[in-house]
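Participant: Structure file run-v6.cif (mmCIF, C-alpha atoms) is given on the next line.
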data_start
#
loop_
_atom_site.label_atom_id
_atom_site.label_comp_id
_atom_site.auth_asym_id
_atom_site.auth_seq_id
_atom_site.Cartn_x
_atom_site.Cartn_y
_atom_site.Cartn_z
CA VAL A 1 -0.22 29.06 9.39
CA PRO A 2 3.07 28.53 11.29
CA LYS A 3 4.97 31.84 11.29
CA ASP A 4 8.00 30.55 9.42
CA TRP A 5 5.69 29.24 6.65
CA ALA A 6 3.86 32.49 5.98
CA LEU A 7 6.21 33.89 3.32
CA ARG A 8 6.23 30.61 1.41
CA PHE A 9 2.59 30.99 0.32
CA SER A 10 0.92 33.47 -1.98
CA ARG A 11 -2.58 32.20 -1.09
CA ILE A 12 -4.33 29.74 1.23
CA ASP A 13 -8.07 29.23 0.74
CA LEU A 14 -9.28 28.89 4.33
CA ASP A 15 -12.83 28.20 5.39
CA GLY A 16 -14.38 29.60 8.55
CA SER A 17 -12.79 27.16 10.99
CA GLY A 18 -9.27 27.16 9.60
CA TYR A 19 -9.11 23.39 10.17
CA GLY A 20 -9.18 20.62 7.55
CA ILE A 21 -7.53 20.50 4.11
CA HIS A 22 -7.26 23.66 2.00
CA ASN A 23 -6.04 24.49 -1.50
CA ALA A 24 -3.02 26.79 -1.55
CA LYS A 25 -0.47 28.45 -3.83
CA LEU A 26 3.21 28.66 -2.99
CA SER A 27 5.17 31.86 -3.61
CA CYS A 28 6.46 30.42 -6.89
CA ASP A 29 2.81 29.87 -7.97
CA GLU A 30 2.98 26.08 -7.64
CA SER A 31 -0.19 24.52 -6.27
CA CYS A 32 -0.32 22.43 -3.10
CA MET A 33 -2.63 21.67 -0.20
CA VAL A 34 -2.33 22.62 3.47
CA ALA A 35 -3.91 20.50 6.21
CA PHE A 36 -4.47 21.68 9.77
CA TRP A 37 -5.15 19.33 12.66
CA SER A 38 -8.56 19.12 14.30
CA LYS A 39 -9.16 21.05 17.52
CA GLY A 40 -10.31 17.83 19.15
CA TYR A 41 -6.76 16.50 19.61
CA SER A 42 -4.61 17.40 22.58
CA THR A 43 -1.10 18.63 21.81
CA PHE A 44 0.36 15.30 22.95
CA ASN A 45 -1.90 13.23 20.69
CA ALA A 46 -1.44 15.62 17.76
CA VAL A 47 2.35 15.44 18.04
CA ARG A 48 2.28 11.65 18.42
CA GLN A 49 0.01 11.24 15.39
CA ALA A 50 2.05 13.73 13.35
CA ARG A 51 5.24 11.83 14.06
CA HIS A 52 3.56 8.58 13.10
CA GLU A 53 2.30 10.02 9.80
CA LYS A 54 5.75 11.47 9.15
CA ASN A 55 7.29 8.01 9.68
CA VAL A 56 4.78 6.44 7.30
CA GLY A 57 5.51 9.12 4.71
CA GLU A 58 9.25 8.60 5.03
CA ARG A 59 8.84 4.92 4.18
CA LEU A 60 6.83 5.82 1.08
CA LYS A 61 8.86 8.78 -0.17
CA LEU A 62 9.99 6.90 -3.29
CA SER A 63 6.48 5.82 -4.25
CA GLY A 64 4.59 7.67 -6.96
CA SER A 65 1.38 5.82 -6.12
CA VAL A 66 0.50 7.70 -2.93
CA VAL A 67 -0.48 11.30 -2.23
CA HIS A 68 2.71 12.86 -0.89
CA ARG A 69 3.26 15.04 2.14
CA PHE A 70 6.07 17.50 1.50
CA SER A 71 6.50 19.00 4.95
CA THR A 72 5.18 18.64 8.48
CA ARG A 73 5.16 21.11 11.35
CA PHE A 74 3.57 20.81 14.78
CA VAL A 75 5.27 23.31 17.11
CA ASP A 76 2.82 26.24 16.85
CA LYS A 77 0.02 24.30 15.21
CA THR A 78 -0.08 20.80 13.74
CA ALA A 79 -0.02 21.37 9.98
CA PHE A 80 0.98 19.52 6.82
CA VAL A 81 1.85 20.58 3.28
CA LEU A 82 0.59 18.06 0.74
CA GLU A 83 1.03 17.78 -2.99
CA GLU A 84 -1.33 19.60 -5.35
CA ALA A 85 -5.04 18.95 -4.93
CA THR A 86 -6.25 15.91 -6.83
CA ASP A 87 -9.18 16.00 -9.24
CA SER A 88 -11.65 14.04 -7.13
CA THR A 89 -12.14 10.91 -5.05
CA LEU A 90 -13.02 7.52 -6.43
CA GLU A 91 -16.24 7.74 -4.44
CA ALA A 92 -17.31 10.86 -6.36
CA PHE A 93 -16.24 9.24 -9.62
CA LEU A 94 -18.32 6.13 -8.93
CA SER A 95 -21.37 8.23 -8.17
CA GLU A 96 -21.29 9.51 -11.75
CA TYR A 97 -21.72 5.99 -13.13
CA SER A 98 -24.71 3.72 -13.03
CA ARG A 99 -23.13 0.53 -11.78
CA PRO A 100 -22.72 -2.20 -12.93
CA LYS A 101 -22.05 -0.47 -16.25
CA MET A 102 -18.50 0.73 -15.60
CA LEU A 103 -16.38 -0.43 -18.50
CA LEU A 104 -13.30 -2.56 -17.92
CA LYS A 105 -11.20 -0.06 -19.88
CA THR A 106 -12.03 2.46 -17.12
CA SER A 107 -11.88 0.24 -14.04
CA LEU A 108 -8.84 -1.93 -14.83
CA PRO A 109 -6.28 0.94 -15.05
CA LEU A 110 -7.63 2.28 -11.74
CA LEU A 111 -7.29 -1.18 -10.20
CA ILE A 112 -3.70 -1.39 -11.43
CA ASP A 113 -2.92 1.99 -9.86
CA MET A 114 -4.42 0.90 -6.54
CA LEU A 115 -2.42 -2.33 -6.63
CA ARG A 116 0.76 -0.38 -7.33
CA GLY A 117 0.01 1.68 -4.26
CA ILE A 118 -0.58 -1.23 -1.89
CA ARG A 119 2.42 -3.04 -3.38
CA ASP A 120 4.57 -0.05 -2.39
CA LEU A 121 2.95 -0.07 1.04
CA GLU A 122 3.65 -3.79 1.38
CA ARG A 123 7.29 -3.36 0.37
CA SER A 124 7.62 -0.56 2.92
CA GLY A 125 6.12 -2.59 5.76
CA VAL A 126 3.00 -0.41 5.94
CA VAL A 127 -0.68 -1.48 6.00
CA HIS A 128 -3.21 1.17 4.99
CA CYS A 129 -6.16 0.14 7.22
CA ASP A 130 -8.65 2.63 5.72
CA LEU A 131 -8.75 1.83 2.00
CA THR A 132 -12.14 2.83 0.59
CA PRO A 133 -13.37 4.87 -2.40
CA LYS A 134 -13.11 7.94 -0.13
CA THR A 135 -9.36 7.46 0.36
CA ILE A 136 -8.56 6.82 -3.31
CA ARG A 137 -7.80 10.13 -5.00
CA LEU A 138 -7.91 10.65 -8.76
CA LYS A 139 -5.35 12.86 -10.44
CA GLY A 140 -4.62 13.12 -14.15
CA GLY A 141 -6.31 9.81 -14.91
CA ARG A 142 -4.51 7.99 -12.09
CA ALA A 143 -5.70 6.55 -8.81
CA LEU A 144 -3.50 7.55 -5.86
CA ILE A 145 -3.60 6.16 -2.34
CA ALA A 146 -4.44 8.79 0.29
CA GLY A 147 -5.84 8.74 3.83
CA LEU A 148 -2.71 7.34 5.44
CA LYS A 149 -3.45 8.72 8.92
CA SER A 150 -4.78 5.29 9.96
CA ALA A 151 -1.91 3.34 8.41
CA ILE A 152 0.20 1.13 10.63
CA ILE A 153 3.87 0.20 10.46
CA LEU A 154 4.15 -3.54 10.92
CA ASP A 155 7.44 -3.52 12.79
CA ASP A 156 6.22 -0.82 15.20
CA LYS A 157 4.63 -3.05 17.84
CA ASP A 158 2.98 -0.18 19.72
CA LEU A 159 1.06 0.89 16.62
CA ARG A 160 0.19 -2.43 14.99
CA VAL A 161 -3.35 -2.57 16.37
CA HIS A 162 -4.31 1.06 15.72
CA GLY A 163 -5.67 0.50 12.24
CA LYS A 164 -7.99 -2.40 12.98
CA TYR A 165 -11.25 -0.46 13.12
CA ALA A 166 -10.47 2.38 10.70
CA THR A 167 -11.78 0.56 7.62
CA PRO A 168 -15.59 0.25 7.45
CA ARG A 169 -16.77 -3.17 8.63
CA PHE A 170 -17.73 -4.55 5.26
CA ALA A 171 -14.47 -3.48 3.65
CA GLN A 172 -12.43 -5.28 6.31
CA ALA A 173 -10.82 -8.60 5.54
CA PRO A 174 -12.53 -11.50 7.39
CA GLU A 175 -9.46 -12.26 9.48
CA LEU A 176 -9.75 -8.86 11.16
CA ALA A 177 -13.18 -9.78 12.54
CA GLN A 178 -11.55 -12.87 14.02
CA GLY A 179 -9.10 -10.73 15.98
CA GLU A 180 -5.97 -11.10 13.86
CA VAL A 181 -3.46 -8.25 13.57
CA PRO A 182 -3.73 -6.36 10.25
CA ALA A 183 -1.36 -7.62 7.58
CA ALA A 184 -0.56 -6.74 3.97
CA SER A 185 -3.16 -9.23 2.70
CA CYS A 186 -5.91 -7.10 4.31
CA ALA A 187 -5.21 -4.32 1.81
CA VAL A 188 -5.65 -6.73 -1.11
CA TRP A 189 -9.08 -7.63 0.23
CA ALA A 190 -9.95 -3.92 0.55
CA VAL A 191 -8.90 -3.27 -3.06
CA GLY A 192 -11.00 -6.25 -4.15
CA TRP A 193 -13.97 -4.79 -2.31
CA VAL A 194 -13.47 -1.43 -4.06
CA PHE A 195 -13.12 -3.16 -7.46
CA ALA A 196 -16.34 -5.09 -6.81
CA ARG A 197 -18.11 -1.83 -6.02
CA MET A 198 -17.02 -0.54 -9.45
CA HIS A 199 -18.87 -3.35 -11.22
CA MET A 200 -21.68 -4.47 -8.91
CA GLU A 201 -24.74 -2.58 -7.75
CA GLY A 202 -24.65 -2.23 -3.97
CA ASP A 203 -22.31 -4.03 -1.61
CA PRO A 204 -21.75 -7.77 -2.27
CA LEU A 205 -20.74 -8.37 1.35
CA GLN A 206 -23.96 -6.88 2.69
CA ARG A 207 -25.91 -9.05 0.25
CA ALA A 208 -24.05 -12.07 1.63
CA VAL A 209 -25.21 -11.14 5.13
CA ARG A 210 -28.83 -11.01 3.97
CA ARG A 211 -28.48 -14.46 2.39
CA LEU A 212 -27.42 -15.90 5.75
CA GLY A 213 -30.86 -15.12 7.18
CA ASP A 214 -31.97 -13.84 10.58
CA SER A 215 -31.63 -17.27 12.23
CA THR A 216 -27.84 -16.93 12.14
CA PHE A 217 -28.02 -14.10 14.68
CA GLU A 218 -31.03 -15.10 16.81
CA ASN A 219 -28.93 -15.54 19.97
CA VAL A 220 -26.79 -12.44 19.43
CA PHE A 221 -27.84 -9.21 21.16
CA GLY A 222 -26.64 -5.63 20.84
CA ALA A 223 -25.89 -3.71 17.64
CA GLU A 224 -22.11 -4.02 17.90
CA ALA A 225 -22.27 -7.76 18.67
CA ILE A 226 -24.64 -8.34 15.74
CA ILE A 227 -22.32 -6.48 13.36
CA GLU A 228 -19.35 -8.51 14.64
CA ALA A 229 -21.29 -11.76 14.26
CA MET A 230 -22.40 -10.85 10.75
CA HIS A 231 -18.88 -10.03 9.66
CA THR A 232 -17.47 -13.22 11.18
CA ALA A 233 -20.20 -15.38 9.64
CA VAL A 234 -19.68 -13.84 6.21
CA GLY A 235 -15.93 -14.35 6.54
CA GLU A 236 -16.48 -18.04 7.18
CA THR A 237 -18.81 -18.58 4.22
CA PHE A 238 -18.28 -15.73 1.75
CA ASP A 239 -17.78 -16.61 -1.91
CA ILE A 240 -18.07 -13.76 -4.41
CA ALA A 241 -19.01 -16.26 -7.13
CA GLU A 242 -22.27 -16.93 -5.27
CA ASP A 243 -23.41 -13.33 -5.58
CA PRO A 244 -26.48 -13.07 -7.88
CA ALA A 245 -24.73 -10.35 -9.92
CA PHE A 246 -21.55 -12.38 -10.49
CA PRO A 247 -22.64 -14.32 -13.63
CA ASP A 248 -23.31 -11.09 -15.53
CA LEU A 249 -19.87 -9.57 -14.87
CA ASP A 250 -17.18 -9.21 -17.52
CA ALA A 251 -15.09 -12.39 -17.77
CA ALA A 252 -11.97 -10.49 -16.68
CA VAL A 253 -13.71 -9.20 -13.55
CA LYS A 254 -14.91 -12.72 -12.75
CA GLN A 255 -11.34 -13.94 -13.09
CA LEU A 256 -9.88 -11.31 -10.73
CA LEU A 257 -12.43 -10.92 -7.94
CA PRO A 258 -12.28 -14.46 -6.44
CA HIS A 259 -8.52 -14.04 -5.89
CA LEU A 260 -8.80 -10.54 -4.44
CA LEU A 261 -11.78 -11.43 -2.22
CA ASP A 262 -10.49 -14.83 -1.15
CA ARG A 263 -11.59 -15.21 2.48
CA ASN A 264 -8.43 -17.24 3.24
CA PRO A 265 -5.49 -14.82 3.66
CA GLU A 266 -3.03 -17.66 3.01
CA THR A 267 -4.30 -18.23 -0.54
CA ARG A 268 -5.42 -14.66 -1.31
CA TRP A 269 -3.25 -13.01 -3.94
CA THR A 270 -0.46 -10.74 -2.78
CA ALA A 271 -0.42 -7.22 -4.18
CA GLU A 272 2.40 -8.22 -6.53
CA GLU A 273 0.53 -11.28 -7.82
CA ALA A 274 -2.66 -9.28 -8.32
CA LEU A 275 -0.76 -6.48 -10.08
CA GLN A 276 0.91 -8.93 -12.45
CA ALA A 277 -2.40 -10.59 -13.31
CA ALA A 278 -4.21 -7.29 -13.84
CA THR A 279 -1.38 -5.92 -15.99
CA GLU A 280 -1.34 -9.03 -18.19
CA MET A 281 -5.11 -8.78 -18.53
CA ALA A 282 -4.85 -5.16 -19.64
CA LYS A 283 -2.30 -6.16 -22.28
CA SER A 284 -4.46 -9.01 -23.56
CA ARG A 285 -7.48 -6.69 -23.79
CA ARG A 286 -5.37 -3.87 -25.29
CA ILE A 287 -6.41 -1.52 -22.51
CA ARG A 288 -4.17 1.51 -22.11
CA VAL A 289 -2.52 1.82 -18.69
CA LEU A 290 -0.43 4.83 -17.70
CA PRO A 291 3.17 4.09 -16.66
CA GLU A 292 3.99 4.35 -13.00
CA ARG A 293 4.26 7.91 -11.73
CA PRO A 294 7.63 8.98 -10.31
CA ALA A 295 7.52 10.27 -6.75
CA PRO A 296 6.74 14.01 -6.83
CA ALA A 297 9.52 16.34 -5.72
CA LEU A 298 9.39 19.06 -3.11
CA PRO A 299 8.41 22.29 -4.93
CA ALA A 300 11.53 24.21 -5.93
CA CYS A 301 10.51 27.38 -4.09
CA TRP A 302 10.20 25.63 -0.74
CA SER A 303 13.44 26.23 1.16
CA GLN A 304 14.67 22.75 2.02
CA PRO A 305 16.81 23.64 5.05
CA HIS A 306 13.83 25.25 6.79
CA ALA A 307 11.07 22.84 5.79
CA GLY A 308 9.77 19.92 7.75
CA TRP A 309 11.37 18.46 10.81
#
Just give me the structure of the file as structure tokens.
Facilitator:
Amino acid sequence: VPKDWALRFSRIDLDGSGYGIHNAKLSCDESCMVAFWSKGYSTFNAVRQARHEKNVGERLKLSGSVVHRFSTRFVDKTAFVLEEATDSTLEAFLSEYSRPKMLLKTSLPLLIDMLRGIRDLERSGVVHCDLTPKTIRLKGGRALIAGLKSAIILDDKDLRVHGKYATPRFAQAPELAQGEVPAASCAVWAVGWVFARMHMEGDPLQRAVRRLGDSTFENVFGAEAIIEAMHTAVGETFDIAEDPAFPDLDAAVKQLLPHLLDRNPETRWTAEEALQAATEMAKSRRIRVLPERPAPALPACWSQPHAGW
């Protein structure tokens, strides 16, 4: 722990390596998390990445839909103080259900929370670039956007391409496979992919690849080239309504997914359009949705003049 942080904590639960994310208690007994940078980064890269993450966090400081970083320090050791540990990840939550049996009253409020998050990202000129069930944290019945280390700032030309390969291939929007720079619409596709995973057994995009047949790739060699060809081919032909599981979905899910997983970024819903549609659907179905969370404040016992940068 950086020396000038030591008196601010009453406890940090470290594992053997001391690296990674750890639960902690501040001196005033408020909970938080402390993250230490991996040994694999040089000081230059660690500082560069820390500054980038700090810039992303600054743009999102008024959003209550993301996991907040309260303070950042990288002089002695690259370290971050994050808000209190969340309950779980969406990935762990999904593993407890036997899809496709997740009820709309469970999935729709989570979708609305995710859309609030990417709407705030969009308004701030940030694209997430690694939005999967692993980077959606659950806290108090809400879904919060986390995993912002791969996010890009659209008006930072040096960093615009950094997030292209962070998202797993089959969660990437089709336009990324065609070499386009990540844009806000890519996050809508990623949320649609996550929402589909809530209601459909397996991955609908991988099923679409299997439907194309081996002949599509007979003149393509090498694992990476085959993956690229598969993703491009699916992007040119994909239609979620053609998935064998689609007819059995709830009518509301069938109404939302084609707009979220529209392979054309020009006609794909924006985060705001998707949020409005999902919110109206929740009202019509009388599904309870929590109000938007205010941005969490820096814990009172953390001395502001000495924290951060």
Participant: Quick one: residues within 6 Å of Ser31 (chain A), all atoms listed in the file counted, chain neighbours fewer than 2 positions away excluded, as number ranges by chain?
Facilitator: A: 24-25, 84
Participant: Please produce a file of those selected residues containing C-alpha atoms, as a PDB file, in the frame of the given file.
Facilitator:
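Output (again29.pdb):
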ATOM      1  CA  ALA A  24      -3.020  26.790  -1.550  1.00  0.00           C
ATOM      2  CA  LYS A  25      -0.470  28.450  -3.830  1.00  0.00           C
ATOM      3  CA  GLU A  84      -1.330  19.600  -5.350  1.00  0.00           C
TER       4      GLU A  84
END
Participant: With only C-alpha atoms as the atoms that count, which of A:Thr106, A:Thr135, A:Thr237, A:Thr270 lies nearest to Trp189 (chain A)?
Facilitator: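 Answer, going by the shortest atom-to-atom distance: A:Thr270.
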Participant: Using only C-alpha atoms, which residues sit within 10 Å of Leu256 (chain A) once same-chain residues fewer than 5 positions away are excluded, as a tab-separated table (two decimals) with C-alpha atoms, in the coordinates of the input?
Facilitator:
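Final file, out_8.tsv:
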chain	number	residue	atom	x	y	z
A	192	GLY	CA	-11.00	-6.25	-4.15
A	195	PHE	CA	-13.12	-3.16	-7.46
A	196	ALA	CA	-16.34	-5.09	-6.81
A	251	ALA	CA	-15.09	-12.39	-17.77
A	261	LEU	CA	-11.78	-11.43	-2.22
A	269	TRP	CA	-3.25	-13.01	-3.94
A	274	ALA	CA	-2.66	-9.28	-8.32
A	277	ALA	CA	-2.40	-10.59	-13.31
A	278	ALA	CA	-4.21	-7.29	-13.84
A	281	MET	CA	-5.11	-8.78	-18.53
Participant: So, counting all atoms listed in the file, which residue among A:Cys301, A:Ile12, A:Cys32, A:Ala184 is closest to Asp120 (chain A)?
Facilitator: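 The closest residue to Asp120 (chain A) is A:Ala184.
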Participant: Could you jot down the CA of Leu62 (chain A) to CA of Arg48 (chain A) separation for me, Å, one decimal place?
Facilitator: 23.5 Å
Participant: List, as JSON, numbers by chain, every residue that the PyMOL selection byres ((chain A and resi 59) around 12) selects in the file provided.
Facilitator: {"A": [52, 53, 54, 55, 56, 57, 58, 60, 61, 62, 63, 66, 68, 69, 120, 121, 122, 123, 124, 125, 126, 127, 148, 151, 152, 153, 154]}
Participant: Taking only C-alpha atoms into account, which of A:Ala92, A:Leu138, A:Leu249, A:Ala171 comes nearest Glu201 (chain A)?
Facilitator: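 Using only C-alpha atoms, the shortest distance to Glu201 (chain A) belongs to A:Leu249.
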Participant: Using all atoms listed in the file, which residue out of A:Val188, A:Leu7, A:Val34, A:Ile240 lies closest to Asp130 (chain A)?
Facilitator: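 Answer, going by the shortest atom-to-atom distance: A:Val188.
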Participant: Using all atoms listed in the file, which of the listed residues (A:Ala245, A:Ile145, A:Ala183, A:Val289) sits closest to Pro265 (chain A)?
Facilitator: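 Once distances to Pro265 (chain A) are computed over all atoms listed in the file, the minimum belongs to A:Ala183.
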Participant: Here is a test: counting all atoms listed in the file, which residue of A:Glu175, A:Leu298, A:Pro291, A:Val191 is nearest to Glu266 (chain A)?
Facilitator: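 Counting all atoms listed in the file, the residue closest to Glu266 (chain A) is A:Glu175.
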Participant: Starting from the PyMOL selection byres ((chain A and resi 91) around 9), expand the selection into actual residues of this file and give them as a ChimeraX atom specification.
Facilitator: /A:88-90,92-95,132-137
Participant: Convert the output of the PyMOL selection byres ((chain A and resi 105) around 10) on the shown file into explicit residues, formatted as a list in words.
Facilitator: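 Going through the file, the PyMOL selection byres ((chain A and resi 105) around 10) ends up selecting Met102, Leu103, Leu104, Thr106, Ser107, Leu108, Pro109, Leu110, Ala282, Arg285, Arg286, Ile287, Arg288 and Val289 of chain A.
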Participant: Have a look at CA of Pro182 (chain A) and CA of Gly64 (chain A) and let me know their distance in Å, one decimal.
Facilitator: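 CA of Pro182 (chain A) sits 23.7 Å away from CA of Gly64 (chain A).
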Participant: Rounded to one decimal place, report the CA of Glu242 (chain A)-CA of Lys283 (chain A) distance in Å.
Facilitator: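 Spanning CA of Glu242 (chain A) to CA of Lys283 (chain A) is a straight-line distance of 28.4 Å.
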